[in-house]
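One structure is given below, encoded as structure tokens.
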Amino acid sequence: MKNYFYILPVLFALFLSGCLPSIIKVDVKNDPDSYSMFGKTQERDFYLPVTIGDSLIEKWEASLNGGLTNSSVTVYDSCIFVNDLSGWVTCYDIRNGKRLGQFKEKGAVYSSPVIDNNILIFPIVIDNENYTDLFFYNYRTGETIREVKVEGKILNELIKTSDGIIFVTESGKAGKYNFVGTEAWEKNIGANCHSSPSADNHSVFLGNDNGEIVLLNMNDGKEIYKKKIGSPFYGGSTIKGNTAYIGDDDGVVFAVELSSGRIKWRFNTGARIFAVPVLNNKSVYIGNLGGKLFSLNKETGKLNWVQDVGGVINATPVLTDNFLIVPDLNAKLYFVDESNGRVKKEYNLPGHVKTSPVYTKNLLFIGYDNGILKAYEIL
């Protein structure tokens, strides 16, 4: 009899989620400081030039319809958008967590939605099929502009450029579309890919499952170079100037001259890397699945400090002028002094942290694997 009491509430919740209307229709103002993609910029920038405190005050909590991935929320004006593995993209009011709308199709959304003014772009990976439905959605009018069927599964993060979006599928197909769903180019990179790409104004950089780095022309997708430098890449890349930074499955961090593919330096962290390197003007910060956090000299790769938090760092931290805010899969959050690696404050959280934290509009957003999104004020 106990099993019925457990199963019935779950079935009821599923029934309710299935009855929710599938529409996002909200009015927004122009937001020049939006957080409109994973990593905010096409280079993947997780640094904020602000000094913050280390005290968290919970402002609101929202329940999603499914579990979360190692993506992040995106934000435009007063709207925050979050994807989940049940195929929903949901919009909340950033001020109070009120649900403003949701869009649902069969499948799962692994990637953070991309925002261009009133256009929302997100990939839905179709269950038991080898394709992805890429949606271009006008969330002012509540209408789908275009739905594009892409061969392969988009499991990593999209890039938003000045004139469109770029994706790479699990099977190694890269492509670019403009903001209304017209294809610009398509390229087969010749290997499976789980690493999220990054870009500058001229080229797209990525690592693949063969341990190769690949550079593509931004305008036509033509391959500039492909070089094997390490083991499979599952963590994403970051670009700063003419240097790309990426970590591999052996735990090695590489600094790569973007234009040529030359290795400028490498550093072995000793355990697998899933997170994206985080940069400021002087240092590179990277965590690994062994629970160690490293600060390296950006130009030479020399070790500044290492901190062992003893957990699992699989999501990308947020960096400010004084702290790294580091999520730990083992239900913890650390405020780490960026100058010396000391843990200034440690929080026990109510669940396993899945998403990369986002700090914007004076709020910190954290997503948990049980489908809970929380907003915190930092004092």
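In the structure tokens, each chain is lettered A, B, ... as it comes, each chain's residues begin at 1, and ligands are numbered from 1 in order of appearance.
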So which residues touch Gly270 in chain A within 8 Å, counting only C-alpha atoms, skipping near sequence neighbours fewer than 4 positions away, as a VMD selection string? chain A and resid 250 to 252 290
Please report as JSON lines every residue of range 218-332 of chain A lying within 10 Å of range 166-179 of chain A, along with the nearest atom pair and their distance in Å (one decimal), using only C-alpha atoms.
{"residue": "A:Met218", "atom": "CA", "partner": "A:Lys176", "partner_atom": "CA", "distance": 8.6}
{"residue": "A:Asn219", "atom": "CA", "partner": "A:Lys176", "partner_atom": "CA", "distance": 8.8}
{"residue": "A:Asp220", "atom": "CA", "partner": "A:Lys176", "partner_atom": "CA", "distance": 8.7}
{"residue": "A:Gly221", "atom": "CA", "partner": "A:Gly175", "partner_atom": "CA", "distance": 7.4}
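You will find CA of Val180 in chain A at 17.9 Å from CA of Ser112 in chain A.
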Residues at most 10 Å from Gly371 in chain A, counting only C-alpha atoms, excluding those fewer than 6 positions away in the same chain, as a PDB file with C-alpha atoms, in the first residue's frame?
ATOM      1  CA  ALA A  62      10.850  28.072  -8.324  1.00  0.00           C
ATOM      2  CA  SER A  63      10.027  24.463  -9.180  1.00  0.00           C
ATOM      3  CA  LEU A  64      10.759  23.326 -12.711  1.00  0.00           C
ATOM      4  CA  ASN A  65       9.145  20.429 -14.549  1.00  0.00           C
ATOM      5  CA  GLY A  66      12.333  18.373 -14.935  1.00  0.00           C
ATOM      6  CA  GLY A  67      15.968  17.982 -13.936  1.00  0.00           C
ATOM      7  CA  LEU A  68      18.754  20.368 -14.917  1.00  0.00           C
ATOM      8  CA  THR A  69      22.041  20.086 -16.791  1.00  0.00           C
ATOM      9  CA  ASN A  83      15.768  24.807 -19.718  1.00  0.00           C
ATOM     10  CA  ASP A  84      15.194  21.333 -18.291  1.00  0.00           C
ATOM     11  CA  LEU A  85      15.455  17.677 -19.272  1.00  0.00           C
ATOM     12  CA  SER A  86      11.698  17.179 -19.592  1.00  0.00           C
ATOM     13  CA  GLY A 351      20.520  19.703  -3.264  1.00  0.00           C
ATOM     14  CA  LYS A 354      23.943  21.248 -11.560  1.00  0.00           C
TER      15      LYS A 354
END
Would you mind listing what lies within 9 Å of Val343 in chain A as an mmCIF file with C-alpha atoms, in the first residue's frame, with only C-alpha atoms counted and same-chain residues fewer than 6 positions away left out?
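After the write, selection07.cif holds the following:
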data_model
loop_
_atom_site.group_PDB
_atom_site.id
_atom_site.type_symbol
_atom_site.label_atom_id
_atom_site.label_comp_id
_atom_site.auth_asym_id
_atom_site.auth_seq_id
_atom_site.Cartn_x
_atom_site.Cartn_y
_atom_site.Cartn_z
ATOM 1 C CA GLN A 307 42.634 24.462 -3.224
ATOM 2 C CA VAL A 309 37.560 21.253 -1.558
ATOM 3 C CA TYR A 334 32.210 27.887 -1.812
ATOM 4 C CA PHE A 335 33.263 31.516 -1.727
ATOM 5 C CA VAL A 336 36.981 31.241 -2.540
ATOM 6 C CA ASP A 337 39.394 34.169 -2.223
#
If you count only C-alpha atoms, which residues fall within 7 Å of Tyr234 in chain A, apart from same-chain ones fewer than 3 positions away, as a ChimeraX atom specification? /A:194-195,248-249,274
Could you write out the selected residues, including N, CA and C atoms, as an mmCIF file, in the first residue's frame?
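Output file result.cif follows:
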data_model
loop_
_atom_site.group_PDB
_atom_site.id
_atom_site.type_symbol
_atom_site.label_atom_id
_atom_site.label_comp_id
_atom_site.auth_asym_id
_atom_site.auth_seq_id
_atom_site.Cartn_x
_atom_site.Cartn_y
_atom_site.Cartn_z
ATOM 1 N N HIS A 194 31.436 16.761 -27.575
ATOM 2 C CA HIS A 194 30.649 17.051 -26.379
ATOM 3 C C HIS A 194 31.100 18.340 -25.700
ATOM 4 N N SER A 195 32.133 18.960 -26.235
ATOM 5 C CA SER A 195 32.672 20.191 -25.659
ATOM 6 C C SER A 195 31.948 21.398 -26.238
ATOM 7 N N ASP A 248 41.073 18.943 -20.850
ATOM 8 C CA ASP A 248 40.701 17.655 -21.433
ATOM 9 C C ASP A 248 40.363 16.611 -20.378
ATOM 10 N N ASP A 249 40.068 15.396 -20.844
ATOM 11 C CA ASP A 249 39.605 14.335 -19.960
ATOM 12 C C ASP A 249 40.714 13.751 -19.090
ATOM 13 N N PHE A 274 35.445 18.945 -16.618
ATOM 14 C CA PHE A 274 34.161 19.183 -17.289
ATOM 15 C C PHE A 274 33.829 20.671 -17.353
#
Please list as a ChimeraX atom specification every residue within 12 Å of range 55-61 of chain A, counting only C-alpha atoms and excluding residues in the same chain fewer than 4 positions away. /A:92-99,325,333-335,344-350,362-368,371-379
